[in-house]
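Engineer: Contents are compact mmCIF, N, CA and C atoms; file name protein_32.txt:
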```txt
# COMPACT_ATOMS: atom_id res chain seq x y z
N MET Z 1131 39.07 12.36 6.23
CA MET Z 1131 37.83 12.05 6.93
C MET Z 1131 36.84 11.46 5.95
N ASN Z 1132 36.19 10.38 6.34
CA ASN Z 1132 35.14 9.83 5.49
C ASN Z 1132 33.78 10.19 6.10
N PRO Z 1133 32.69 10.00 5.37
CA PRO Z 1133 31.38 10.45 5.86
C PRO Z 1133 30.87 9.69 7.09
N ARG Z 1134 31.54 8.60 7.48
CA ARG Z 1134 31.08 7.83 8.63
C ARG Z 1134 31.78 8.22 9.93
N THR Z 1135 32.78 9.11 9.86
CA THR Z 1135 33.51 9.50 11.06
C THR Z 1135 33.59 11.02 11.16
N LEU Z 1136 33.72 11.50 12.36
CA LEU Z 1136 33.96 12.92 12.59
C LEU Z 1136 35.43 13.08 12.95
N PRO Z 1137 36.04 14.20 12.61
CA PRO Z 1137 37.43 14.41 13.01
C PRO Z 1137 37.54 14.39 14.53
N GLY Z 1138 38.54 13.70 15.06
CA GLY Z 1138 38.70 13.60 16.51
C GLY Z 1138 38.88 14.95 17.18
N THR Z 1139 39.51 15.88 16.49
CA THR Z 1139 39.74 17.19 17.08
C THR Z 1139 38.48 18.04 17.11
N LEU Z 1140 37.47 17.68 16.34
CA LEU Z 1140 36.24 18.47 16.31
C LEU Z 1140 35.56 18.48 17.67
N VAL Z 1141 35.54 17.35 18.35
CA VAL Z 1141 34.93 17.28 19.68
C VAL Z 1141 35.67 18.21 20.64
N GLN Z 1142 37.01 18.21 20.56
CA GLN Z 1142 37.81 19.10 21.40
C GLN Z 1142 37.53 20.57 21.07
N GLU Z 1143 37.41 20.88 19.79
CA GLU Z 1143 37.14 22.26 19.38
C GLU Z 1143 35.77 22.72 19.87
N ILE Z 1144 34.78 21.85 19.79
CA ILE Z 1144 33.45 22.18 20.28
C ILE Z 1144 33.50 22.42 21.79
N ALA Z 1145 34.19 21.54 22.50
CA ALA Z 1145 34.30 21.69 23.96
C ALA Z 1145 34.97 23.00 24.33
N ARG Z 1146 36.05 23.35 23.64
CA ARG Z 1146 36.76 24.60 23.94
C ARG Z 1146 35.89 25.81 23.63
N ALA Z 1147 35.18 25.78 22.49
CA ALA Z 1147 34.34 26.91 22.10
C ALA Z 1147 33.23 27.15 23.11
N VAL Z 1148 32.63 26.08 23.59
CA VAL Z 1148 31.54 26.21 24.57
C VAL Z 1148 32.08 26.62 25.93
N ALA Z 1149 33.17 26.00 26.36
CA ALA Z 1149 33.74 26.31 27.68
C ALA Z 1149 34.24 27.75 27.76
N ASP Z 1150 34.62 28.33 26.64
CA ASP Z 1150 35.13 29.70 26.62
C ASP Z 1150 34.04 30.77 26.64
N LEU Z 1151 32.78 30.37 26.54
CA LEU Z 1151 31.69 31.34 26.60
C LEU Z 1151 31.65 31.96 28.00
N PRO Z 1152 31.36 33.26 28.10
CA PRO Z 1152 31.44 33.94 29.39
C PRO Z 1152 30.48 33.43 30.47
N ASP Z 1153 29.31 32.94 30.09
CA ASP Z 1153 28.34 32.50 31.10
C ASP Z 1153 28.34 30.99 31.33
N VAL Z 1154 29.29 30.28 30.75
CA VAL Z 1154 29.44 28.85 30.99
C VAL Z 1154 30.47 28.68 32.10
N ALA Z 1155 30.06 28.09 33.22
CA ALA Z 1155 30.99 27.86 34.32
C ALA Z 1155 31.96 26.74 33.96
N PHE Z 1156 31.43 25.62 33.49
CA PHE Z 1156 32.26 24.50 33.07
C PHE Z 1156 31.39 23.47 32.36
N LEU Z 1157 32.05 22.59 31.61
CA LEU Z 1157 31.35 21.46 31.01
C LEU Z 1157 31.19 20.40 32.09
N ARG Z 1158 30.07 19.74 32.05
CA ARG Z 1158 29.79 18.72 33.08
C ARG Z 1158 30.76 17.56 32.93
N PRO Z 1159 31.50 17.24 33.99
CA PRO Z 1159 32.44 16.12 33.88
C PRO Z 1159 31.72 14.79 33.87
N GLY Z 1160 32.26 13.84 33.13
CA GLY Z 1160 31.72 12.49 33.12
C GLY Z 1160 32.24 11.72 34.33
N LEU Z 1161 31.90 10.46 34.41
CA LEU Z 1161 32.33 9.64 35.54
C LEU Z 1161 33.85 9.56 35.63
N ALA Z 1162 34.52 9.39 34.49
CA ALA Z 1162 35.98 9.31 34.51
C ALA Z 1162 36.59 10.61 35.02
N GLY Z 1163 36.02 11.73 34.63
CA GLY Z 1163 36.53 13.02 35.10
C GLY Z 1163 36.33 13.21 36.59
N ARG Z 1164 35.27 12.65 37.13
CA ARG Z 1164 35.03 12.77 38.57
C ARG Z 1164 35.96 11.87 39.38
N LEU Z 1165 36.30 10.72 38.82
CA LEU Z 1165 37.15 9.78 39.55
C LEU Z 1165 38.64 10.07 39.40
N ARG Z 1166 39.01 10.75 38.35
CA ARG Z 1166 40.41 11.05 38.07
C ARG Z 1166 40.93 12.05 39.09
N SER Z 1167 42.12 11.85 39.60
CA SER Z 1167 42.67 12.79 40.58
C SER Z 1167 43.16 14.04 39.86
N ALA Z 1168 43.34 15.10 40.60
CA ALA Z 1168 43.80 16.36 40.02
C ALA Z 1168 45.19 16.21 39.42
N PHE Z 1169 46.00 15.31 39.96
CA PHE Z 1169 47.36 15.15 39.46
C PHE Z 1169 47.42 14.37 38.15
N SER Z 1170 46.42 13.57 37.88
CA SER Z 1170 46.46 12.76 36.67
C SER Z 1170 45.54 13.29 35.58
N ARG Z 1171 45.01 14.48 35.76
CA ARG Z 1171 44.12 15.05 34.75
C ARG Z 1171 44.86 15.19 33.43
N THR Z 1172 44.10 14.96 32.36
CA THR Z 1172 44.67 15.11 31.03
C THR Z 1172 44.71 16.58 30.65
N ASP Z 1173 45.53 16.89 29.70
CA ASP Z 1173 45.66 18.24 29.19
C ASP Z 1173 44.33 18.65 28.56
N PRO Z 1174 43.75 19.80 28.94
CA PRO Z 1174 42.46 20.19 28.38
C PRO Z 1174 42.49 20.42 26.88
N ASP Z 1175 43.68 20.67 26.31
CA ASP Z 1175 43.77 20.88 24.88
C ASP Z 1175 43.77 19.57 24.10
N THR Z 1176 44.11 18.46 24.75
CA THR Z 1176 44.18 17.20 24.04
C THR Z 1176 43.37 16.10 24.69
N GLY Z 1177 42.94 16.29 25.92
CA GLY Z 1177 42.24 15.26 26.66
C GLY Z 1177 40.78 15.15 26.29
N PRO Z 1178 40.08 14.20 26.91
CA PRO Z 1178 38.67 14.00 26.58
C PRO Z 1178 37.81 15.18 26.98
N ALA Z 1179 36.80 15.44 26.19
CA ALA Z 1179 35.85 16.51 26.46
C ALA Z 1179 34.63 15.86 27.09
N ASP Z 1180 34.64 15.71 28.41
CA ASP Z 1180 33.59 14.97 29.10
C ASP Z 1180 32.20 15.53 28.87
N GLY Z 1181 32.06 16.83 28.72
CA GLY Z 1181 30.74 17.43 28.57
C GLY Z 1181 30.19 17.40 27.16
N VAL Z 1182 30.93 16.85 26.22
CA VAL Z 1182 30.49 16.76 24.82
C VAL Z 1182 30.47 15.30 24.40
N ARG Z 1183 29.31 14.85 23.96
CA ARG Z 1183 29.19 13.46 23.50
C ARG Z 1183 28.66 13.46 22.07
N VAL Z 1184 29.33 12.70 21.22
CA VAL Z 1184 28.94 12.61 19.81
C VAL Z 1184 28.58 11.16 19.51
N THR Z 1185 27.38 10.97 18.97
CA THR Z 1185 26.91 9.62 18.60
C THR Z 1185 26.24 9.69 17.23
N ARG Z 1186 26.12 8.52 16.62
CA ARG Z 1186 25.37 8.42 15.37
C ARG Z 1186 23.89 8.47 15.70
N ARG Z 1187 23.11 9.17 14.89
CA ARG Z 1187 21.66 9.19 15.08
C ARG Z 1187 21.09 7.85 14.68
N THR Z 1188 19.91 7.55 15.16
CA THR Z 1188 19.24 6.30 14.84
C THR Z 1188 19.13 6.14 13.33
N GLY Z 1189 19.50 4.98 12.86
CA GLY Z 1189 19.46 4.73 11.42
C GLY Z 1189 20.75 5.13 10.71
N GLY Z 1190 21.71 5.72 11.45
CA GLY Z 1190 22.98 6.08 10.86
C GLY Z 1190 22.94 7.30 9.97
N ALA Z 1191 21.83 8.05 9.98
CA ALA Z 1191 21.70 9.23 9.12
C ALA Z 1191 22.11 10.48 9.89
N GLY Z 1192 23.38 10.72 10.00
CA GLY Z 1192 23.86 11.94 10.65
C GLY Z 1192 24.37 11.70 12.06
N TRP Z 1193 24.70 12.80 12.69
CA TRP Z 1193 25.33 12.78 14.01
C TRP Z 1193 24.49 13.53 15.02
N GLN Z 1194 24.58 13.12 16.28
CA GLN Z 1194 23.95 13.81 17.39
C GLN Z 1194 25.07 14.30 18.32
N VAL Z 1195 25.14 15.60 18.55
CA VAL Z 1195 26.11 16.18 19.47
C VAL Z 1195 25.34 16.65 20.68
N GLU Z 1196 25.67 16.10 21.84
CA GLU Z 1196 25.02 16.50 23.09
C GLU Z 1196 26.05 17.18 23.97
N ILE Z 1197 25.72 18.38 24.41
CA ILE Z 1197 26.60 19.17 25.26
C ILE Z 1197 25.91 19.34 26.60
N GLN Z 1198 26.60 18.97 27.68
CA GLN Z 1198 26.09 19.16 29.03
C GLN Z 1198 27.01 20.14 29.73
N LEU Z 1199 26.41 21.19 30.28
CA LEU Z 1199 27.21 22.23 30.90
C LEU Z 1199 26.55 22.75 32.16
N VAL Z 1200 27.34 23.46 32.95
CA VAL Z 1200 26.85 24.16 34.14
C VAL Z 1200 27.04 25.64 33.86
N ALA Z 1201 25.97 26.41 34.04
CA ALA Z 1201 25.98 27.84 33.73
C ALA Z 1201 26.17 28.67 34.99
N ARG Z 1202 26.56 29.89 34.80
CA ARG Z 1202 26.66 30.84 35.91
C ARG Z 1202 25.25 31.34 36.24
N SER Z 1203 24.96 31.51 37.51
CA SER Z 1203 23.59 31.84 37.93
C SER Z 1203 23.16 33.25 37.53
N ARG Z 1204 24.10 34.10 37.20
CA ARG Z 1204 23.75 35.48 36.81
C ARG Z 1204 23.13 35.55 35.42
N ALA Z 1205 23.26 34.49 34.64
CA ALA Z 1205 22.79 34.50 33.25
C ALA Z 1205 21.48 33.74 33.12
N ARG Z 1206 20.73 34.08 32.10
CA ARG Z 1206 19.51 33.33 31.79
C ARG Z 1206 19.91 32.01 31.16
N THR Z 1207 19.35 30.94 31.65
CA THR Z 1207 19.70 29.60 31.18
C THR Z 1207 19.44 29.43 29.69
N ALA Z 1208 18.33 29.94 29.21
CA ALA Z 1208 18.00 29.81 27.79
C ALA Z 1208 19.03 30.52 26.92
N ASP Z 1209 19.50 31.69 27.36
CA ASP Z 1209 20.50 32.42 26.60
C ASP Z 1209 21.83 31.67 26.56
N VAL Z 1210 22.20 31.05 27.68
CA VAL Z 1210 23.45 30.28 27.72
C VAL Z 1210 23.34 29.08 26.79
N ALA Z 1211 22.21 28.39 26.81
CA ALA Z 1211 22.03 27.22 25.95
C ALA Z 1211 22.07 27.63 24.47
N ARG Z 1212 21.43 28.74 24.13
CA ARG Z 1212 21.46 29.21 22.74
C ARG Z 1212 22.87 29.57 22.30
N ALA Z 1213 23.60 30.25 23.17
CA ALA Z 1213 24.97 30.64 22.82
C ALA Z 1213 25.86 29.41 22.66
N ALA Z 1214 25.68 28.42 23.51
CA ALA Z 1214 26.47 27.19 23.42
C ALA Z 1214 26.15 26.44 22.12
N ARG Z 1215 24.89 26.37 21.81
CA ARG Z 1215 24.50 25.68 20.56
C ARG Z 1215 25.05 26.42 19.35
N SER Z 1216 24.97 27.72 19.36
CA SER Z 1216 25.48 28.53 18.25
C SER Z 1216 27.00 28.35 18.10
N ALA Z 1217 27.72 28.37 19.22
CA ALA Z 1217 29.19 28.19 19.17
C ALA Z 1217 29.54 26.82 18.61
N ALA Z 1218 28.81 25.79 19.03
CA ALA Z 1218 29.06 24.43 18.53
C ALA Z 1218 28.75 24.35 17.04
N GLU Z 1219 27.64 24.93 16.62
CA GLU Z 1219 27.27 24.88 15.21
C GLU Z 1219 28.26 25.62 14.33
N GLU Z 1220 28.84 26.72 14.84
CA GLU Z 1220 29.86 27.44 14.08
C GLU Z 1220 31.10 26.59 13.88
N ARG Z 1221 31.54 25.88 14.92
CA ARG Z 1221 32.71 24.99 14.81
C ARG Z 1221 32.43 23.86 13.83
N ILE Z 1222 31.23 23.31 13.89
CA ILE Z 1222 30.87 22.21 13.00
C ILE Z 1222 30.83 22.70 11.55
N ALA Z 1223 30.25 23.88 11.34
CA ALA Z 1223 30.16 24.43 9.98
C ALA Z 1223 31.55 24.69 9.40
N ALA Z 1224 32.48 25.13 10.24
CA ALA Z 1224 33.84 25.39 9.76
C ALA Z 1224 34.55 24.09 9.42
N ALA Z 1225 34.31 23.05 10.20
CA ALA Z 1225 35.00 21.78 9.99
C ALA Z 1225 34.33 20.91 8.92
N LEU Z 1226 33.02 21.00 8.82
CA LEU Z 1226 32.25 20.15 7.89
C LEU Z 1226 31.34 21.00 7.02
N PRO Z 1227 31.87 21.80 6.12
CA PRO Z 1227 31.00 22.70 5.35
C PRO Z 1227 29.92 21.97 4.55
N ASP Z 1228 30.21 20.76 4.08
CA ASP Z 1228 29.22 20.01 3.30
C ASP Z 1228 28.33 19.13 4.15
N GLY Z 1229 28.78 18.79 5.36
CA GLY Z 1229 28.04 17.84 6.18
C GLY Z 1229 27.38 18.41 7.41
N ARG Z 1230 27.34 19.72 7.53
CA ARG Z 1230 26.79 20.30 8.77
C ARG Z 1230 25.29 20.06 8.92
N ASP Z 1231 24.59 19.81 7.81
CA ASP Z 1231 23.15 19.53 7.90
C ASP Z 1231 22.89 18.17 8.51
N ASP Z 1232 23.90 17.31 8.53
CA ASP Z 1232 23.76 15.97 9.10
C ASP Z 1232 24.05 15.93 10.59
N VAL Z 1233 24.28 17.10 11.21
CA VAL Z 1233 24.63 17.16 12.63
C VAL Z 1233 23.55 17.90 13.39
N ARG Z 1234 23.03 17.28 14.44
CA ARG Z 1234 22.03 17.88 15.31
C ARG Z 1234 22.68 18.16 16.67
N VAL Z 1235 22.58 19.38 17.16
CA VAL Z 1235 23.21 19.78 18.42
C VAL Z 1235 22.15 20.00 19.48
N THR Z 1236 22.36 19.36 20.64
CA THR Z 1236 21.48 19.52 21.79
C THR Z 1236 22.31 20.01 22.96
N VAL Z 1237 21.81 21.01 23.67
CA VAL Z 1237 22.51 21.56 24.84
C VAL Z 1237 21.62 21.34 26.06
N VAL Z 1238 22.22 20.77 27.10
CA VAL Z 1238 21.51 20.56 28.37
C VAL Z 1238 22.26 21.30 29.46
N VAL Z 1239 21.57 22.23 30.13
CA VAL Z 1239 22.16 22.93 31.26
C VAL Z 1239 21.82 22.11 32.50
N THR Z 1240 22.83 21.50 33.10
CA THR Z 1240 22.60 20.57 34.20
C THR Z 1240 22.66 21.23 35.57
N GLY Z 1241 23.09 22.48 35.64
CA GLY Z 1241 23.15 23.14 36.93
C GLY Z 1241 23.56 24.60 36.80
N LEU Z 1242 23.48 25.30 37.93
CA LEU Z 1242 23.89 26.70 38.01
C LEU Z 1242 24.83 26.88 39.19
N VAL Z 1243 25.81 27.74 39.01
CA VAL Z 1243 26.71 28.08 40.13
C VAL Z 1243 26.83 29.57 40.24
```
Would you mind writing the file out in C-alpha cells?

Structural biologist:
Amino acid sequence: MNPRTLPGTLVQEIARAVADLPDVAFLRPGLAGRLRSAFSRTDPDTGPADGVRVTRRTGGAGWQVEIQLVARSRARTADVARAARSAAEERIAAALPDGRDDVRVTVVVTGLV
C-alpha cells in the first residue's frame, strides 16, 4: 500500500464492523444495491459496501470515510452513530497504524426501523 491509496479490503472491514453492531439495522444501500435483484447480489464478504464511501479530502491531505446507516428505533441515534464511528476508527487504526490521523470518519443515520 502506498500513501495515496487505501487497502481495498479496509472498506469491507469497516462495513462489516459497523453492520455487526447490535443497534445497526443495516448499511444504507446505494443506487446499485437498490436496483440489483436478490438473485444477483454480491457476496457480502467480498462485494461492494454501499453504505461506506471513501474519498480523498480536499487538497489531497488525507481521507474522508462516510458511513450511512439505518438504526434500530429502540436505540438512541447519537449512541449508534458514536459506536459506528468508534468501530470504524478501530478498524482504520489496526490497518493504518501510522496513517490513522489522516482519516476523518463521518457517520450519518439516515433512518430508523

Engineer: Extract, using only N, CA and C atoms, all DNA, RNA and protein residues at most 8 Å from region 1181-1186 of chain Z, discarding same-chain residues fewer than 4 positions from it, and format them as a list in words.

Structural biologist: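 Selected residues are Val1141, Gln1142, Ile1144, Ala1145, Phe1156, Leu1157, Arg1158, Pro1159, Gly1160, Gly1190, Ala1191, Gly1192, Trp1193, Gln1194, Val1195, Glu1196, Ile1197, Gln1198 and Leu1199 of chain Z.
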
Engineer: Considering only C-alpha atoms, can you say which of Z:Val1200, Z:Val1239, Z:Ala1179, Z:Ala1217 comes closest to Ala1155 (chain Z)?

Structural biologist: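 Residue with the minimum atom-to-atom distance to Ala1155 (chain Z): Z:Val1200.
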
Engineer: Figure out the distance between atom N of Arg1202 (chain Z) and CA of Leu1242 (chain Z), please, to one decimal in Å.

Structural biologist: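 Taking CA of Leu1242 (chain Z) and atom N of Arg1202 (chain Z), their separation equals 5.3 Å.
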
Engineer: Compile the contact shell of Ala1214 (chain Z) as a short mmCIF file (atom, residue, chain, number, x, y, z; two decimals) with N, CA and C atoms, in the coordinates of the input: residues with an atom at most 8 Å away, counting only N, CA and C atoms, same-chain residues fewer than 2 positions apart removed.

Structural biologist:
```cif
data_model
loop_
_atom_site.label_atom_id
_atom_site.label_comp_id
_atom_site.auth_asym_id
_atom_site.auth_seq_id
_atom_site.Cartn_x
_atom_site.Cartn_y
_atom_site.Cartn_z
N ALA Z 1147 35.18 25.78 22.49
CA ALA Z 1147 34.34 26.91 22.10
C ALA Z 1147 33.23 27.15 23.11
N VAL Z 1148 32.63 26.08 23.59
CA VAL Z 1148 31.54 26.21 24.57
C VAL Z 1148 32.08 26.62 25.93
N ALA Z 1149 33.17 26.00 26.36
CA ALA Z 1149 33.74 26.31 27.68
C ALA Z 1149 34.24 27.75 27.76
N LEU Z 1151 32.78 30.37 26.54
CA LEU Z 1151 31.69 31.34 26.60
C LEU Z 1151 31.65 31.96 28.00
N ILE Z 1197 25.72 18.38 24.41
CA ILE Z 1197 26.60 19.17 25.26
C ILE Z 1197 25.91 19.34 26.60
N ALA Z 1208 18.33 29.94 29.21
CA ALA Z 1208 18.00 29.81 27.79
C ALA Z 1208 19.03 30.52 26.92
N ASP Z 1209 19.50 31.69 27.36
CA ASP Z 1209 20.50 32.42 26.60
C ASP Z 1209 21.83 31.67 26.56
N VAL Z 1210 22.20 31.05 27.68
CA VAL Z 1210 23.45 30.28 27.72
C VAL Z 1210 23.34 29.08 26.79
N ALA Z 1211 22.21 28.39 26.81
CA ALA Z 1211 22.03 27.22 25.95
C ALA Z 1211 22.07 27.63 24.47
N ARG Z 1212 21.43 28.74 24.13
CA ARG Z 1212 21.46 29.21 22.74
C ARG Z 1212 22.87 29.57 22.30
N SER Z 1216 24.97 27.72 19.36
CA SER Z 1216 25.48 28.53 18.25
C SER Z 1216 27.00 28.35 18.10
N ALA Z 1217 27.72 28.37 19.22
CA ALA Z 1217 29.19 28.19 19.17
C ALA Z 1217 29.54 26.82 18.61
N ALA Z 1218 28.81 25.79 19.03
CA ALA Z 1218 29.06 24.43 18.53
C ALA Z 1218 28.75 24.35 17.04
N GLU Z 1219 27.64 24.93 16.62
CA GLU Z 1219 27.27 24.88 15.21
C GLU Z 1219 28.26 25.62 14.33
N GLU Z 1220 28.84 26.72 14.84
CA GLU Z 1220 29.86 27.44 14.08
C GLU Z 1220 31.10 26.59 13.88
N THR Z 1236 22.36 19.36 20.64
CA THR Z 1236 21.48 19.52 21.79
C THR Z 1236 22.31 20.01 22.96
N VAL Z 1237 21.81 21.01 23.67
CA VAL Z 1237 22.51 21.56 24.84
C VAL Z 1237 21.62 21.34 26.06
#
```

Engineer: Measure the distance from CA of Thr1240 (chain Z) to CA of Glu1143 (chain Z) in Å and round it to one decimal.

Structural biologist: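 Pair CA of Thr1240 (chain Z) / CA of Glu1143 (chain Z) returns 20.8 Å.
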
Engineer: What's the separation between CA of Asp1153 (chain Z) and CA of Val1235 (chain Z), in Å to one decimal place?

Structural biologist: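 One can read the CA of Asp1153 (chain Z) to CA of Val1235 (chain Z) distance as 18.7 Å.
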
Engineer: I need region 1201-1211 of chain Z written out with all heavy atoms, as a compact mmCIF listing (two decimals), in the first residue's frame; please produce it.

Structural biologist:
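As a result, out_21.txt now contains:
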```txt
# COMPACT_ATOMS: atom_id res chain seq x y z
N ALA Z 1201 -30.60 2.79 11.74
CA ALA Z 1201 -30.51 2.28 13.11
C ALA Z 1201 -31.84 1.67 13.54
O ALA Z 1201 -32.89 1.94 12.96
CB ALA Z 1201 -30.12 3.40 14.05
N ARG Z 1202 -31.76 0.87 14.57
CA ARG Z 1202 -32.98 0.31 15.17
C ARG Z 1202 -33.61 1.39 16.05
O ARG Z 1202 -32.91 2.14 16.73
CB ARG Z 1202 -32.65 -0.91 15.99
CG ARG Z 1202 -32.03 -2.01 15.13
CD ARG Z 1202 -32.04 -3.33 15.84
NE ARG Z 1202 -31.26 -4.31 15.12
CZ ARG Z 1202 -31.68 -4.97 14.04
NH1 ARG Z 1202 -32.87 -4.74 13.56
NH2 ARG Z 1202 -30.90 -5.85 13.45
N SER Z 1203 -34.92 1.47 16.05
CA SER Z 1203 -35.62 2.56 16.74
C SER Z 1203 -35.51 2.47 18.26
O SER Z 1203 -35.72 3.46 18.94
CB SER Z 1203 -37.08 2.60 16.32
OG SER Z 1203 -37.72 1.38 16.64
N ARG Z 1204 -35.17 1.32 18.78
CA ARG Z 1204 -35.06 1.18 20.25
C ARG Z 1204 -33.82 1.86 20.81
O ARG Z 1204 -33.72 2.07 22.02
CB ARG Z 1204 -35.05 -0.30 20.63
CG ARG Z 1204 -33.78 -1.02 20.19
CD ARG Z 1204 -33.71 -2.44 20.71
NE ARG Z 1204 -32.47 -3.03 20.31
CZ ARG Z 1204 -32.32 -3.92 19.34
NH1 ARG Z 1204 -33.38 -4.30 18.65
NH2 ARG Z 1204 -31.14 -4.42 19.06
N ALA Z 1205 -32.87 2.21 19.96
CA ALA Z 1205 -31.60 2.79 20.41
C ALA Z 1205 -31.58 4.30 20.20
O ALA Z 1205 -32.28 4.82 19.33
CB ALA Z 1205 -30.45 2.15 19.64
N ARG Z 1206 -30.77 4.97 20.98
CA ARG Z 1206 -30.56 6.40 20.78
C ARG Z 1206 -29.68 6.59 19.56
O ARG Z 1206 -28.61 5.97 19.44
CB ARG Z 1206 -29.90 7.02 22.00
CG ARG Z 1206 -30.83 7.06 23.21
CD ARG Z 1206 -30.19 7.76 24.39
NE ARG Z 1206 -29.69 9.06 23.98
CZ ARG Z 1206 -28.56 9.59 24.47
NH1 ARG Z 1206 -27.83 8.92 25.33
NH2 ARG Z 1206 -28.16 10.77 24.07
N THR Z 1207 -30.09 7.46 18.67
CA THR Z 1207 -29.37 7.68 17.41
C THR Z 1207 -27.94 8.14 17.66
O THR Z 1207 -27.00 7.68 17.00
CB THR Z 1207 -30.12 8.72 16.56
OG1 THR Z 1207 -31.45 8.26 16.38
CG2 THR Z 1207 -29.47 8.91 15.22
N ALA Z 1208 -27.74 9.02 18.60
CA ALA Z 1208 -26.39 9.52 18.89
C ALA Z 1208 -25.47 8.39 19.36
O ALA Z 1208 -24.30 8.34 18.98
CB ALA Z 1208 -26.44 10.63 19.93
N ASP Z 1209 -26.00 7.48 20.18
CA ASP Z 1209 -25.20 6.36 20.65
C ASP Z 1209 -24.82 5.42 19.52
O ASP Z 1209 -23.70 4.91 19.47
CB ASP Z 1209 -25.95 5.58 21.74
CG ASP Z 1209 -26.13 6.37 23.02
OD1 ASP Z 1209 -25.38 7.36 23.23
OD2 ASP Z 1209 -27.03 6.03 23.80
N VAL Z 1210 -25.75 5.19 18.59
CA VAL Z 1210 -25.47 4.33 17.44
C VAL Z 1210 -24.40 4.97 16.57
O VAL Z 1210 -23.46 4.29 16.13
CB VAL Z 1210 -26.75 4.06 16.62
CG1 VAL Z 1210 -26.44 3.27 15.36
CG2 VAL Z 1210 -27.78 3.33 17.47
N ALA Z 1211 -24.50 6.26 16.32
CA ALA Z 1211 -23.52 6.96 15.50
C ALA Z 1211 -22.13 6.92 16.15
O ALA Z 1211 -21.12 6.69 15.48
CB ALA Z 1211 -23.95 8.40 15.25
```
